[in-house]
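See below for the structure under consideration.
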Amino acid sequence: MTSVNIDPHVATIRPVRPRTNGCEECLRLGTPWVHLRLCLTCGHVGCCDSSPMRHARAHAHTVEHPIVQSIEPGENWRWCYVHEDYV
């Protein structure tokens, strides 16, 4: 029998909707983004680590909302910034 490790941060996931149609900070600053990530705790939309400003990661660490989901078409995955792994 194999054990499955469940990320304890999954408990922070809430039913959310994107608060904006793009990275919140990039829209305000006028900076570009590559891909978008949705905070599964509050609905913040931030840009990915391939983007110049990396706002999704900054949001996760600043407000301690660890799990994001890709909101790119055709992508269906979640990421925990604390454990640096998929959940």
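Scheme for the structure tokens: letters A, B, ... for chains in order shown; per-chain residue numbers from 1; ligand numbers from 1 in order shown.
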
Which residues are close to Cys39 (chain A), i.e. within 12 Å by only C-alpha atoms, leaving aside same-chain residues fewer than 5 positions away? Reply as a PDB file with C-alpha atoms, in the first residue's frame.
ATOM      1  CA  VAL A  10      -5.386  22.569   0.265  1.00  0.00           C
ATOM      2  CA  THR A  12      -7.000  27.266   2.200  1.00  0.00           C
ATOM      3  CA  ILE A  13      -8.853  26.722  -1.095  1.00  0.00           C
ATOM      4  CA  ARG A  14     -12.158  28.592  -1.328  1.00  0.00           C
ATOM      5  CA  PRO A  15     -14.722  28.922  -4.120  1.00  0.00           C
ATOM      6  CA  VAL A  16     -13.440  32.022  -5.910  1.00  0.00           C
ATOM      7  CA  ARG A  17     -13.928  33.902  -9.147  1.00  0.00           C
ATOM      8  CA  PRO A  18     -11.236  35.979 -10.860  1.00  0.00           C
ATOM      9  CA  ARG A  19     -11.397  39.582  -9.660  1.00  0.00           C
ATOM     10  CA  THR A  20      -9.999  40.933 -12.954  1.00  0.00           C
ATOM     11  CA  CYS A  23      -2.943  40.521 -13.688  1.00  0.00           C
ATOM     12  CA  GLU A  24      -4.245  43.043 -11.164  1.00  0.00           C
ATOM     13  CA  HIS A  44      -6.565  37.609  -6.952  1.00  0.00           C
ATOM     14  CA  VAL A  45      -5.282  37.298 -10.531  1.00  0.00           C
ATOM     15  CA  GLY A  46      -1.516  37.549 -10.860  1.00  0.00           C
ATOM     16  CA  CYS A  47       1.108  36.929 -13.497  1.00  0.00           C
ATOM     17  CA  CYS A  48       3.232  33.773 -13.573  1.00  0.00           C
ATOM     18  CA  HIS A  55       2.887  39.060  -9.164  1.00  0.00           C
ATOM     19  CA  ALA A  56       1.178  35.726  -8.402  1.00  0.00           C
ATOM     20  CA  ARG A  57       4.201  34.551  -6.391  1.00  0.00           C
ATOM     21  CA  ALA A  58       4.514  37.936  -4.648  1.00  0.00           C
ATOM     22  CA  HIS A  59       0.826  37.816  -3.679  1.00  0.00           C
ATOM     23  CA  ALA A  60       1.162  34.270  -2.338  1.00  0.00           C
ATOM     24  CA  HIS A  61       4.085  35.185  -0.105  1.00  0.00           C
ATOM     25  CA  VAL A  63      -0.649  37.607   2.079  1.00  0.00           C
ATOM     26  CA  GLU A  64       0.097  33.910   2.734  1.00  0.00           C
ATOM     27  CA  HIS A  65      -2.328  32.531   0.139  1.00  0.00           C
ATOM     28  CA  PRO A  66      -0.249  29.576  -1.035  1.00  0.00           C
ATOM     29  CA  ILE A  67      -2.232  27.870  -3.802  1.00  0.00           C
ATOM     30  CA  VAL A  68      -2.913  29.152  -7.303  1.00  0.00           C
ATOM     31  CA  GLN A  69      -4.532  27.644 -10.345  1.00  0.00           C
ATOM     32  CA  SER A  70      -3.622  28.339 -13.929  1.00  0.00           C
ATOM     33  CA  ILE A  71      -6.389  30.187 -15.729  1.00  0.00           C
ATOM     34  CA  ARG A  78      -2.864  23.949  -9.176  1.00  0.00           C
ATOM     35  CA  TRP A  79       0.450  24.922  -7.576  1.00  0.00           C
ATOM     36  CA  CYS A  80       1.509  25.419  -3.954  1.00  0.00           C
ATOM     37  CA  TYR A  81       4.137  28.155  -3.594  1.00  0.00           C
TER      38      TYR A  81
END

Point to revise | Picked from chain A by DSSP as strand (DSSP E), as a PyMOL selection string | key: chain A and resi 36-39+45-47+67-70+78-80+85-86

Practice item. Could you please write out, as a ChimeraX atom specification, every residue of chain A that DSSP assigns to alpha helix (DSSP H)? Key: /A:24-29,55-63

Practice item. Figure out the distance between CA of Glu75 (chain A) and CA of Pro32 (chain A), please, to one decimal in Å. Key: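 Those two atoms sit 20.4 Å apart.
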
Point to revise | Minimum-distance residue to Ser51 (chain A), chosen among A:Val82, A:Val34, A:Leu29, A:Ile6 (using only C-alpha atoms) | key: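 The answer is A:Val34, which sits nearest to Ser51 (chain A).
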
**Study point:** Top pick for closest residue to Gly22 (chain A), considering A:Cys42, A:Leu36, A:Val87, A:Met53 and counting only C-alpha atoms
**Key:** A:Leu36

**Study point:** Among listed residues A:Arg37, A:Arg28, A:Arg54, A:His9, nearest Trp77 (chain A) (using only C-alpha atoms)
**Key:**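 Of all the options, A:Arg37 lies closest to Trp77 (chain A).
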